[in-house]
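Presented below is the structure to which this report refers.
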Amino acid sequence: MAHLCHVNIYTVVGVFIMRIVLILFFIISLNLLAADNKKVILQLKWLHQFQFAGYYVAKEMGFYKDVGIDLEIREYSKNVQVCKDIMTKKVDFAVGRSSIILEKIKGKNIVALGAIFQSSPMMLLVRADSEINEVKDLYDKKIMISNDTTTTASILAMLNSNGVTRKDIRVLNHSFNLDDLINGKTDAMSSYLSNEPIRLDTKKIKYKIFHPKDHGFDFYSDILFSSSQFIKNNPTLTKNFYEATIKGWRYAFNNITETSELIFEKYNTQNKSLITFIKEGEILNKLAYVEENKERNHHKLGYIDKNKLKSMVDVYKVLGLVHNDLNTDEFIYEYNNPKTFDLNLSIEEVISLPIVFILILSVVFYFIKKKRWVMTKYELETEIKEQKTEIENKNRLIIVQSKIAAVGEMLENIAHQWRQPLSSITASMASVQIRNELG
């Protein structure tokens, strides 16, 4: 009866757990179905190239689809204003320059999910045959840079630190035509490490690079961001999008050639060669990772550091672009570099939490009962084994005693057989002795 009772208890617990699992699976399935094919729009800050490879990979390999996101990637055009498009809800996510920090300080409710490039690829490019050997040699030279000071802050800071102000140079409107640098129309041109130098290498034209990072002005670039309102209204979607994006970037940098082939076949609006995409990937890979913890040698994609943001804001202040500080806690996405336990849960998580708790509790209860039953069974088996050993020992003792008894009986029979001849011999010897005594 006790055994039957135990079986019934475990059967009931097992059925209960199975029901909980089915209910949980049903709820998760409903959530996934509800989120299936959620249309999301991403706005790029430039034309298609390896600079946005992580988004292409995540889309084409189904990383977004796996979390219920149908992503539309929009290429840059002249009418695009990424920050404005975010605030007016024309797009859901966008890739912006580090200048979005200024937009945040000025009151725009935007949040930076991650900085894809830890160091900006923007720099000044000059011909190697020019007389410009140092930054200070750019004094009174023609430079093609954007008229928007916010986008060229790192370059202007580099110039200022070397004694060259904006008034000391002749600023030309950027034509984005590399031939203007080659033909001498301009002495220097703001360029990307992953773009113009590769083209000059192809043409076998030598050049020099002046990178702001080498002069202490290390800015983030290609910051993925959204509006705080969108994130508040779509916390799960935002988190899923960010994680899928980082997964896409990680795959892109680990498989540069494969990713380049994908861009070459599906996103090659600039008609670049495959080798160009590969070279871009190799250069950008070096700019994408930061050593977050030197002791642990841990690297993290998309990482945003508060201290680095403050240093960038200080540069903006020196240039007179802003006067207030940046609220880094509001600007940095909570899952970019989580440090503390977060109790802000979405509606789906709140609904699922009690069910998950009951499921975990049931599983724990089941295994505790199972452990007790297993332990009881083990103890019983141990006791039976000990009794069996004791019986075997007793049997061996009985066998030994039987053998000893048999040997004793055999010896007694031998002794009995020897008694008669010994008695006869003793009698004969006594008779002989008497005869000798009587003569």
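FYI, nothing fancy with the structure tokens labels: chains A, B, ... in order, residues from 1 per chain, ligands from 1 as they appear.
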### Task
May I have all residues of segment 68-311 of chain A that DSSP, computed from the backbone, assigns to alpha helix (DSSP H), given as a count of residues only?
91
### segment 90-103 of chain A environment, 9 Å, only C-alpha atoms, sequence neighbours closer than 4 positions dropped, as a ChimeraX atom specification
/A:40-46,52,82-86,107-110,112,115,120,150-153,219-227,230,309,312-313,316,321-322,326,331
### Message
Applying 7 Å and only C-alpha atoms, which residues near segment 63-65 of chain A remain after dropping the ones on its own chain fewer than 4 positions away? List them as a PyMOL selection string.
### Response
chain A and resi 58-59+69-70+241+244
Generate a file of the selected residues that holds N, CA, C and O atoms, formatted as a short mmCIF file (atom, residue, chain, number, x, y, z; two decimals), in the first residue's frame.
data_model
loop_
_atom_site.label_atom_id
_atom_site.label_comp_id
_atom_site.auth_asym_id
_atom_site.auth_seq_id
_atom_site.Cartn_x
_atom_site.Cartn_y
_atom_site.Cartn_z
N ALA A 58 22.29 40.21 -39.57
CA ALA A 58 21.20 39.85 -38.66
C ALA A 58 19.89 39.68 -39.41
O ALA A 58 19.06 38.84 -39.05
N LYS A 59 19.70 40.46 -40.46
CA LYS A 59 18.48 40.35 -41.27
C LYS A 59 18.51 39.10 -42.15
O LYS A 59 17.57 38.30 -42.15
N ILE A 69 10.90 40.01 -35.52
CA ILE A 69 11.11 41.34 -36.09
C ILE A 69 11.30 41.24 -37.61
O ILE A 69 12.12 40.47 -38.09
N ASP A 70 10.51 42.02 -38.32
CA ASP A 70 10.64 42.14 -39.77
C ASP A 70 11.30 43.49 -40.04
O ASP A 70 10.65 44.54 -40.01
N PHE A 241 15.81 43.47 -30.44
CA PHE A 241 16.46 44.08 -31.59
C PHE A 241 17.94 44.35 -31.31
O PHE A 241 18.80 44.06 -32.15
N ALA A 244 19.89 40.99 -31.13
CA ALA A 244 20.03 40.40 -32.47
C ALA A 244 21.04 41.18 -33.30
O ALA A 244 21.81 40.61 -34.07
#
### Query
Which residue, A:Ile182, A:Val135, A:Ala188, A:Ile398, has the smallest gap to Val164 of chain A when you use only C-alpha atoms?
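Going through A:Ile182, A:Val135, A:Ala188, A:Ile398 one by one, the smallest distance to Val164 of chain A is for A:Val135.
Each of A:Gly62, A:Gly54, A:Gly216, A:Pro421 was compared to Val315 of chain A using only C-alpha atoms, and A:Gly216 turns out to be the nearest.
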### Task
Return the single residue from A:Ala427, A:Val126, A:Leu237, A:Leu178 that is closest to Asn37 of chain A, with distances computed using only C-alpha atoms.
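Of A:Ala427, A:Val126, A:Leu237, A:Leu178, the one nearest Asn37 of chain A, counting only C-alpha atoms, is A:Leu237.
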